[in-house]
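Student: Supplied in structure tokens, the structure appears directly below.
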Amino acid sequence: MSVNYNVLGLVFASMHDAYVSELTKQRTMGSIPFGGRYRLIDFPLSNFVHSGVSEVGVITKSNYGSLLDHLGSGRDWDLARKKGGLHLLPPYSQTGGIYKGRLDALNNIWGFVEHSNAKYVIMSNCDVVTTINFNPVLKQHMENEADITFVYSRGVYDYEKNKCTTVLEFDGDNRLKDVLVDPQFSGECNIWLEMCIITKDFLKKIVSDAASRNQFSFTREILQGRRDDFKIMGYKHDGFFTKIDSIQDYYLANRMLLDPEKKNALFRKDMPVLTKIGDNGPVKYGLESNIKDSLIADGCIIEGTVINSILFRAVKVGKDSVVKDCVLLQGTKVGENCSISSVIADKNVEISNEKVLTGSETYPLYIGKGGKI
Amino acid sequence: MSVNYNVLGLVFASMHDAYVSELTKQRTMGSIPFGGRYRLIDFPLSNFVHSGVSEVGVITKSNYGSLLDHLGSGRDWDLARKKGGLHLLPPYSQTGGIYKGRLDALNNIWGFVEHSNAKYVIMSNCDVVTTINFNPVLKQHMENEADITFVYSRGVYDYEKNKCTTVLEFDGDNRLKDVLVDPQFSGECNIWLEMCIITKDFLKKIVSDAASRNQFSFTREILQGRRDDFKIMGYKHDGFFTKIDSIQDYYLANRMLLDPEKKNALFRKDMPVLTKIGDNGPVKYGLESNIKDSLIADGCIIEGTVINSILFRAVKVGKDSVVKDCVLLQGTKVGENCSISSVIADKNVEISNEKVLTGSETYPLYIGKGGKI
Amino acid sequence: MYTKKRVVAMLLAGGQGSRLYALTKNVAKPAVPYGGKYRLIDFPLSNCTNSGIDTVGVLTQYQPLVLNEYIGNGQPWDLDKMNGGVHVLPPYETQAGASWYEGTANAIYQNMRFIERYDPEYVVVLGGDHIYKMDYSKMVDFHVANDADCTISVIDVPKAEASRFGIMICDDQNQVTDFVEKPKEPKSTLASMGIYVFTWEKLRKYLIENENEANAKRDKGEPWSKDFGKDIITSMLRDKQRLFAYEFEGYWKDVGTLDSLWEANMDLLSPSVPLDLYDPSWKIYSRNSNMPPQYVGDNANIENSMISEGSTIDGTVDFSILFSGVTIEAGATVNYSIIMPGTVIKSGAVVEYAIVGSDSVIESHARVGSSPEMIENRDDWGIAVVGHNVTVSADKVVEPKQIIGENI
Amino acid sequence: MYTKKRVVAMLLAGGQGSRLYALTKNVAKPAVPYGGKYRLIDFPLSNCTNSGIDTVGVLTQYQPLVLNEYIGNGQPWDLDKMNGGVHVLPPYETQAGASWYEGTANAIYQNMRFIERYDPEYVVVLGGDHIYKMDYSKMVDFHVANDADCTISVIDVPKAEASRFGIMICDDQNQVTDFVEKPKEPKSTLASMGIYVFTWEKLRKYLIENENEANAKRDKGEPWSKDFGKDIITSMLRDKQRLFAYEFEGYWKDVGTLDSLWEANMDLLSPSVPLDLYDPSWKIYSRNSNMPPQYVGDNANIENSMISEGSTIDGTVDFSILFSGVTIEAGATVNYSIIMPGTVIKSGAVVEYAIVGSDSVIESHARVGSSPEMIENRDDWGIAVVGHNVTVSADKVVEPKQIIGENI
């Protein structure tokens, strides 16, 4: 049918916050703005919704005010439901402490999972951006009668650059052979997309086992420690993906969307990425505007030149200013006669007239939320 | 018009939790069940909605999981809005700590208040249950050009019994003369209903003043300390009200609703109390049921005798059992051949066959959530 | 804007329900109250939601205001979806002119654009006046497994009653070989429940063919019809399409008459009837009335009944179904009756074996209906009916079988 | 179930908009796109929300499917209310039979039950085809302050244009003393904007009177009408009711013709036109298309234009309004034009002084419209229009003033 009550979605909204500390100072991973009008959590939520999953729990740690604000009732993702729907699971539970690892988090919110009628649980982080339909993954998981099915993609891993990356190795039957976290090599390999399908009964077992042994880490205790005891399989996803594990990477990941092929792989017509509605007007271009190779969100008012940049909603660029190789988050105001290049401006930054700001491709200049320059 | 964008509602959902510690062990004041199918927060929210207030912030402290669950998107109160709507304001803010007093809480969530276009703020706690239209209060506040207007009722205050009660005294012009917290007398007086209207500009002033002086208490610092500096007025509310400040009082307050006059004053046809929809079936009465003088919520299945009691949703009473002078919260199961009187059963209590449980009117027997007897 | 849906449901809610006329003066039949807090349409809508079907078109042209307001945005049934959800589809005007629905097939034909937006593989066609709980997704699975063009759900009825139904004759593979409407001598006891699954491509073809053929006949002055069961199913059988019968086991009740409406309500009070309204895994959703819990007074005497929120009961209630906001005063008696929302039964009034519509008043010492034991000639006995918004004045009598639509 | 509302708004969305016919083939006029991301009806609906009016009935019978789906549950305009909200009100069938709306007054008359549910004191009557931002609550305040029976909003128009409008003649207290539809020699320049506030009790009385009088005339074979402006206002004036004119100052544009629709769009590009779509305190809400941000390519050349999300621009765009999901290929040129959602302008095509409907394709090197400077005889010049879902094949030409509804 169109709605699949057999599956519960769980989003880990605060996984790996520390790797992009600039952006998570006042928010959490899931609420980081991305791609002109989205937040990172929009991608897992849209993947769930388009796969017929209508019951979703969002597991947060700290700084989740902006996430609460973004998600609201879940209505913009069609998740304001009576049966299922979107549930924010606050970090402070019975025991009072903050979650330590993935297994600990699951143990703390187990009542929510238990209460669901679903037979399968799909878990997803927010730091991998991709568009995926989970139905074929689920089908394979069921056919394999697997305990866990990991979603991975082939990709180039660079030991020097990439952080918090899990590399998976499978045998000829697609069964998990090895799990390497941040291994010391570079080259093409199977990169875990931080998503997996787990049979709920099995999940219950490992979560309660881990709780009784005071274990927190899913990767260490389950994947690495006991991979041979369980039937852990892999599913290869072929679409475009990008993993955000540093501010440099965030900068590159946004600008990847200027490649029409990548953009179209992420923003598929049959699986539109859903997000909070802003009710901004169309983009307004002035009499002397000049735009090349850029992604511009609604509500922008552009009087100057924009090249090779991502402009989020309601950004203003004044006359005779040049914006080049930049990522300007919502509400950035660039005055007149400025020249800014390789800059990441967080929300509501104001850059006054005549300013020159220059970062580099490898070290983009980051300006914090609300900064006035 | 029908919607009044000039007013922002603020609900203090966790004020006075400590006085009903039995009931707030796993919840907060606002999510305490009341009157068969409601939670205490339903009363302030409904009062706001029926007064045309469509922008409401809910300020919580701890244990707000059940509140989050009850409120959901705010849709059941018609508060799932784009313009305004319901906003849960989590207790952990920039500074990291938990709110200390009302002023501290306001200071922590000030960004939310500031962002609103409203000119007036109505604040309400959840521990006073009443049905009130705020429009006449607002009208009087505007006509008086008051800084604060307090809503009070005439009522009997008993020094021995009542706790955390604020008694107000006014001069002939309805201007605040004195504020007494838990005074050492008994008798009829002006009891503050824990609601007031404040002009937003004025509120901003006192909140920022208090923050800079490290003051937390609204009552002590503002009402008692500086009452002559400000124009603080009173508005007398004439409808039924009850204030819940102990488990005994909770017991009595529920059973007050068996007085049709009080019930009808609280549940007015023109201002229905809104609450989360449960989708329970109608009450089903068995072949030998016998009911007198009771309030029975949907989804109950009654085979025995119920006298002088409040039964919340989906309570079951088995054959040949007698339930007398009880308050049984949602999902309580009473077996066959039981005799229970003067009992408060919290959610999902199970009482097995043949049990006899007897509390007294003044010391009702309280059985905690999920208890099995 | 619209993404694909595997299944779309079309609910034929059209009927005025003339055999229920005292209760359908200002409301379409699917909006008739049932079971203490429901309306008939709650059952198919809740079944859709529970079956995972989230896109439903409701076809109606008779008094849609109440139905429209009742369905609203579909939120009570979890059918308020950005993509999909429930939509009431009234007749409309185009550049070619305006036209009312000319039969059930035409109603779906006129709304093919609605269906095609979702590009479905299967279309489920439902009625709006049956009480049952059914997982349509299992029926769709059965349809797919059989590679069927159309699957019709059937229920095994007692042989004696078979001639009141449309009867399906099947082979031992459940394939339908013949279909006879109300046969005098039924060859089978499998009655059509008016629930169909179609492969959309096939349904589309037959809708267009039927429309064109009927219009051609009309132009020639011949008799024509655009009826779903009669024309579409018959044509598909004629063309040797793959039609299958899906046997349903469970409670199913047609409430097309006042008597069957009364019976279907009384069924809820019988422990032997397998219709559970309290099952949390298959909730029957309904628009909520936001009323306080019911209050039962000192003089009340309630047995074996179902009573809904907002009611005030201080009289005697036995074997009855009372909807929300009903008042039974002290000294009033209600037996074997259905009292719809907001109605007041005053002190000393007696209501027995009756249906009283919503917002009506039975004044003191009036009498509505009577028990069959009190009637000499059993042929004179039957359910008494008082319509909506009707006052029965003090001391007046509504006899068994009598139907009152205006104040007396 | 329904609690009282002080004000209820009724939006007359009926029109087919025959003067916009190339753009209203399958949609009602209020659903016509405007301003890059809006539809005409967004303006009155957003005005209602921003004015605090949360109960709106939309009266329509022409092609309601698009409008119905567009309005949906009203959520985009914050009009999805449990009590109140926006409701599309199509014609319907009753026990007395079915009838289409016979004029604007009849449409409201047939839906009096909808209004009375909310027991309003005032009813605001609106049209669906004007572009303006207005706080109706101020007009209601004005109505109350004057103790008026009806208040009509008016705008001061240039004397030369006054004869195109319904003109109000007022005394110095703003009380209306006379009303003339399209007068040849206007005695005033106060034109009715088609926005009314009525004291509901009075409107109710005149609706019933007009209905009865018109039916009586029809029965006698006399000419009759059930028109809002023409019949209701005239009768009220005749009866010396208190009618007042509420003068509106601000941008107001009637978009009843293709030329005025084009002009109203171009107005958005003029810095001197006081219509701000970016004001956060008075947002114009619209149903969102959920598309990614617009992508501007290497070869693009955009000046003085408005472009909406989901578009891909790699050509030249000047003085134009582009809706969501539009593609302008490299080497294509769009000047002084309006391109509606989903349309593709292929390489080498030139679109000037034109309106191109949604989901159309202008193939390579085709030409649509032309600038007035290129036309010898100015009378031959005008806006070129291509309808929705139309393909203009490669190298074809659509001349100025030409209106294309089918593929060429």
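Residue names in the structure tokens use chain letters A, B, ... in the order shown, residue numbers from 1 in each chain, and ligand numbers from 1 in the order shown.
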Applying 12 Å and only C-alpha atoms, which residues near Arg117 in chain C remain after dropping the ones on its own chain fewer than 6 positions away? List them as a PDB file with C-alpha atoms, in the first residue's frame.

Tutor:
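result27.pdb written:
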```pdb
ATOM      1  CA  MET C   1       3.298  18.259  -7.409  1.00  0.00           C
ATOM      2  CA  TYR C   2       1.625  14.839  -7.196  1.00  0.00           C
ATOM      3  CA  THR C   3       3.661  11.738  -6.594  1.00  0.00           C
ATOM      4  CA  LYS C   4       2.552   8.293  -7.606  1.00  0.00           C
ATOM      5  CA  LYS C   5       0.231   6.218  -5.415  1.00  0.00           C
ATOM      6  CA  ARG C   6      -0.044   2.481  -5.835  1.00  0.00           C
ATOM      7  CA  VAL C   7      -3.698   2.495  -4.728  1.00  0.00           C
ATOM      8  CA  VAL C   8      -6.376   5.165  -4.849  1.00  0.00           C
ATOM      9  CA  THR C  55      -5.723   8.795  -1.115  1.00  0.00           C
ATOM     10  CA  GLY C  57     -12.013  10.555  -3.477  1.00  0.00           C
ATOM     11  CA  ASN C  83       0.112  14.398  -1.269  1.00  0.00           C
ATOM     12  CA  GLY C  84      -3.066  12.360  -1.313  1.00  0.00           C
ATOM     13  CA  ASN C 111     -13.367  12.405 -11.904  1.00  0.00           C
TER      14      ASN C 111
ATOM     15  CA  LEU D  65     -11.013  20.684  -9.126  1.00  0.00           C
ATOM     16  CA  VAL D  66      -7.882  22.785  -9.514  1.00  0.00           C
ATOM     17  CA  GLU D  69      -7.011  21.017  -4.683  1.00  0.00           C
TER      18      GLU D  69
END
```

Student: Enumerate as a ChimeraX atom specification all residues of range 83-259 of chain B assigned to strand (DSSP E or B) by DSSP on the backbone, naming them with the chain letters and numbers the document uses.

Tutor: /B:85-89,120-125,128-130,148-157,166-170,175-181,187-199,232-236,241-243

Student: Taking only C-alpha atoms into account, find every residue of chain D that has an atom no more than 8 Å from chain A, and write it out as a VMD selection string.

Tutor: chain D and resid 36 to 37 277 to 278 283 to 286 288 290 to 309

Student: Which distance in Å separates CA of Gly72 in chain B and CA of His87 in chain A, to one decimal?

Tutor: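 Interatomic distance, CA of Gly72 in chain B to CA of His87 in chain A: 8.2 Å.
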
Student: Please report, as a tab-separated table, each residue of chain B lying at most 12 Å from chain A, together with the nearest pair of atoms and the separation in Å rounded to one decimal; use only C-alpha atoms, and order rows by chain and ascending residue number.

Tutor:
```
residue	atom	partner	partner_atom	distance
B:Lys25	CA	A:Gln94	CA	10.3
B:Gln26	CA	A:Gln94	CA	8.3
B:Arg27	CA	A:Gln94	CA	10.9
B:Lys61	CA	A:Tyr92	CA	11.5
B:Ser62	CA	A:Tyr92	CA	8.7
B:Asn63	CA	A:Ser93	CA	8.1
B:Tyr64	CA	A:Pro90	CA	9.0
B:Gly65	CA	A:Pro90	CA	7.3
B:Ser66	CA	A:Leu89	CA	10.9
B:Leu67	CA	A:Pro90	CA	11.6
B:Leu68	CA	A:Leu88	CA	8.3
B:Asp69	CA	A:His87	CA	8.0
B:His70	CA	A:His87	CA	11.3
B:Leu71	CA	A:Ser73	CA	9.8
B:Gly72	CA	A:Ser73	CA	6.7
B:Ser73	CA	A:Ser73	CA	4.1
B:Gly74	CA	A:Ser73	CA	7.6
B:Arg75	CA	A:Ser73	CA	8.3
B:Asp76	CA	A:Lys82	CA	11.0
B:Leu79	CA	A:Ser73	CA	10.1
B:Ala80	CA	A:Ser73	CA	7.0
B:Arg81	CA	A:Ser73	CA	9.4
B:Lys82	CA	A:Ile277	CA	9.3
B:Lys83	CA	A:Asp279	CA	11.2
B:Gly84	CA	A:Gly72	CA	11.6
B:Gly85	CA	A:Gly72	CA	9.7
B:Leu86	CA	A:Gly72	CA	8.9
B:His87	CA	A:Asp69	CA	8.0
B:Leu88	CA	A:Leu68	CA	8.3
B:Leu89	CA	A:Gly65	CA	7.9
B:Pro90	CA	A:Gly65	CA	7.3
B:Pro91	CA	A:Gly65	CA	10.0
B:Tyr92	CA	A:Asn63	CA	8.3
B:Ser93	CA	A:Asn63	CA	8.0
B:Gln94	CA	A:Gln26	CA	8.3
B:Thr95	CA	A:Asn63	CA	11.1
B:Gly96	CA	A:Asn63	CA	9.6
B:Ile109	CA	A:Gly65	CA	10.9
B:Gly111	CA	A:Gly65	CA	11.8
B:Phe112	CA	A:Asp69	CA	10.9
B:Lys276	CA	A:Lys82	CA	10.5
B:Ile277	CA	A:Lys82	CA	9.3
B:Gly278	CA	A:Lys82	CA	9.7
B:Asp279	CA	A:Lys82	CA	9.9
```

Student: Give me the residues within 10 Å of range 374-389 of chain D as a PyMOL selection string, counting only C-alpha atoms and dropping any in the same chain fewer than 5 places off.

Tutor: chain D and resi 20-26+258-259+262-263+336-343+351-362+368-369+398-407

Student: At a cut-off of 9 Å, using only C-alpha atoms, what residues contact Leu180 in chain B? Leave out same-chain residues fewer than 4 positions from it and give the result as a PyMOL selection string.

Tutor: chain B and resi 165-169+224

Student: Go ahead and write the selection's residues with C-alpha atoms as a short mmCIF file (atom, residue, chain, number, x, y, z; two decimals), in the first residue's frame.

Tutor:
```
data_model
loop_
_atom_site.label_atom_id
_atom_site.label_comp_id
_atom_site.auth_asym_id
_atom_site.auth_seq_id
_atom_site.Cartn_x
_atom_site.Cartn_y
_atom_site.Cartn_z
CA THR B 165 -1.83 30.70 47.34
CA THR B 166 -1.41 34.38 46.62
CA VAL B 167 -3.97 36.68 48.24
CA LEU B 168 -4.38 40.13 46.71
CA GLU B 169 -5.70 43.33 48.26
CA GLN B 224 5.74 42.81 46.63
#
```

Student: For range 147-153 of chain D, list every protein, DNA or RNA residue within 8 Å, evaluated using only C-alpha atoms, and leave out those in the same chain fewer than 5 positions away; present the list as a tab-separated table (two decimals) with C-alpha atoms, in the first residue's frame.

Tutor:
```tsv
chain	number	residue	atom	x	y	z
D	139	MET	CA	-12.96	48.36	7.08
D	192	SER	CA	-16.34	50.16	-6.23
D	193	MET	CA	-13.64	47.57	-5.59
D	194	GLY	CA	-16.17	44.77	-5.20
D	195	ILE	CA	-15.40	44.44	-1.47
D	196	TYR	CA	-18.36	44.74	0.88
D	197	VAL	CA	-18.98	44.60	4.61
D	198	PHE	CA	-22.56	43.82	5.57
D	199	THR	CA	-24.33	43.63	8.85
D	202	LYS	CA	-29.47	43.08	6.81
D	241	GLN	CA	-30.36	51.76	4.19
D	242	ARG	CA	-27.10	53.14	5.58
D	243	LEU	CA	-24.50	52.48	2.88
D	244	PHE	CA	-21.01	53.89	3.30
D	245	ALA	CA	-17.98	54.14	1.08
D	246	TYR	CA	-14.63	53.16	2.59
D	247	GLU	CA	-11.85	54.79	0.68
D	248	PHE	CA	-8.85	52.57	0.04
```

Student: Hey, which of D:Gly229, D:Gly35, D:Gly52, D:Pro91 ends up closest to chain C? Count only C-alpha atoms.

Tutor: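 Under the stated criterion, the closest residue is D:Pro91.
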
Student: Which polymer residues have any atom within 9 Å of an atom of Lys369 in chain B, counting only C-alpha atoms, with same-chain residues fewer than 6 positions away left out, as JSON, numbers by chain?

Tutor: {"B": [23, 26, 345, 346, 347, 348, 349]}

Student: Limited to N, CA and C atoms, could you put the picked residues into a file as a PDB file, in the first residue's frame?

Tutor:
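Here's the written file again26.pdb:
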```pdb
ATOM      1  N   LEU B  23       1.777  13.165  41.717  1.00  0.00           N
ATOM      2  CA  LEU B  23       1.304  13.179  40.327  1.00  0.00           C
ATOM      3  C   LEU B  23       2.358  13.683  39.351  1.00  0.00           C
ATOM      4  N   GLN B  26       6.265  11.499  37.122  1.00  0.00           N
ATOM      5  CA  GLN B  26       6.593  11.212  35.717  1.00  0.00           C
ATOM      6  C   GLN B  26       5.960  12.207  34.755  1.00  0.00           C
ATOM      7  N   ALA B 345      -6.459   6.235  41.467  1.00  0.00           N
ATOM      8  CA  ALA B 345      -5.588   5.320  40.746  1.00  0.00           C
ATOM      9  C   ALA B 345      -4.978   6.085  39.579  1.00  0.00           C
ATOM     10  N   ASP B 346      -3.664   6.139  39.523  1.00  0.00           N
ATOM     11  CA  ASP B 346      -2.991   6.814  38.406  1.00  0.00           C
ATOM     12  C   ASP B 346      -3.110   5.938  37.150  1.00  0.00           C
ATOM     13  N   LYS B 347      -2.547   6.397  36.034  1.00  0.00           N
ATOM     14  CA  LYS B 347      -2.742   5.714  34.744  1.00  0.00           C
ATOM     15  C   LYS B 347      -2.397   4.231  34.782  1.00  0.00           C
ATOM     16  N   ASN B 348      -3.229   3.449  34.125  1.00  0.00           N
ATOM     17  CA  ASN B 348      -2.957   2.029  33.870  1.00  0.00           C
ATOM     18  C   ASN B 348      -2.727   1.187  35.121  1.00  0.00           C
ATOM     19  N   VAL B 349      -3.362   1.580  36.222  1.00  0.00           N
ATOM     20  CA  VAL B 349      -3.310   0.738  37.420  1.00  0.00           C
ATOM     21  C   VAL B 349      -4.180  -0.491  37.172  1.00  0.00           C
TER      22      VAL B 349
END
```

Student: Quick one: everything within 9 Å of Gly127 in chain C, counting only C-alpha atoms, minus sequence neighbours fewer than 6 positions away in the same chain. Send it as a PyMOL selection string.

Tutor: chain C and resi 10-14+30+41+44+193-195

Student: Quick one, how far is CA of Leu40 in chain C from CA of Trp252 in chain C?

Tutor: 12.4 Å

Student: Ranking C:Trp282, C:Tyr34, C:Trp77, C:Phe114 by minimum distance to chain D and counting only C-alpha atoms, which one comes first?

Tutor: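 Closest residue, counting only C-alpha atoms: C:Phe114.
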
Student: Using only C-alpha atoms, can you tell me which of C:Ser289, C:Leu275, C:Gly256, C:Tyr118 comes closest to chain D?

Tutor: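 Nearest to chain D: C:Ser289.
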
Student: Quick one: pull the distance between CA of Leu103 in chain B and CA of Phe34 in chain B, Å, one decimal.

Tutor: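 CA of Phe34 in chain B lies at a distance of 28.0 Å from CA of Leu103 in chain B.
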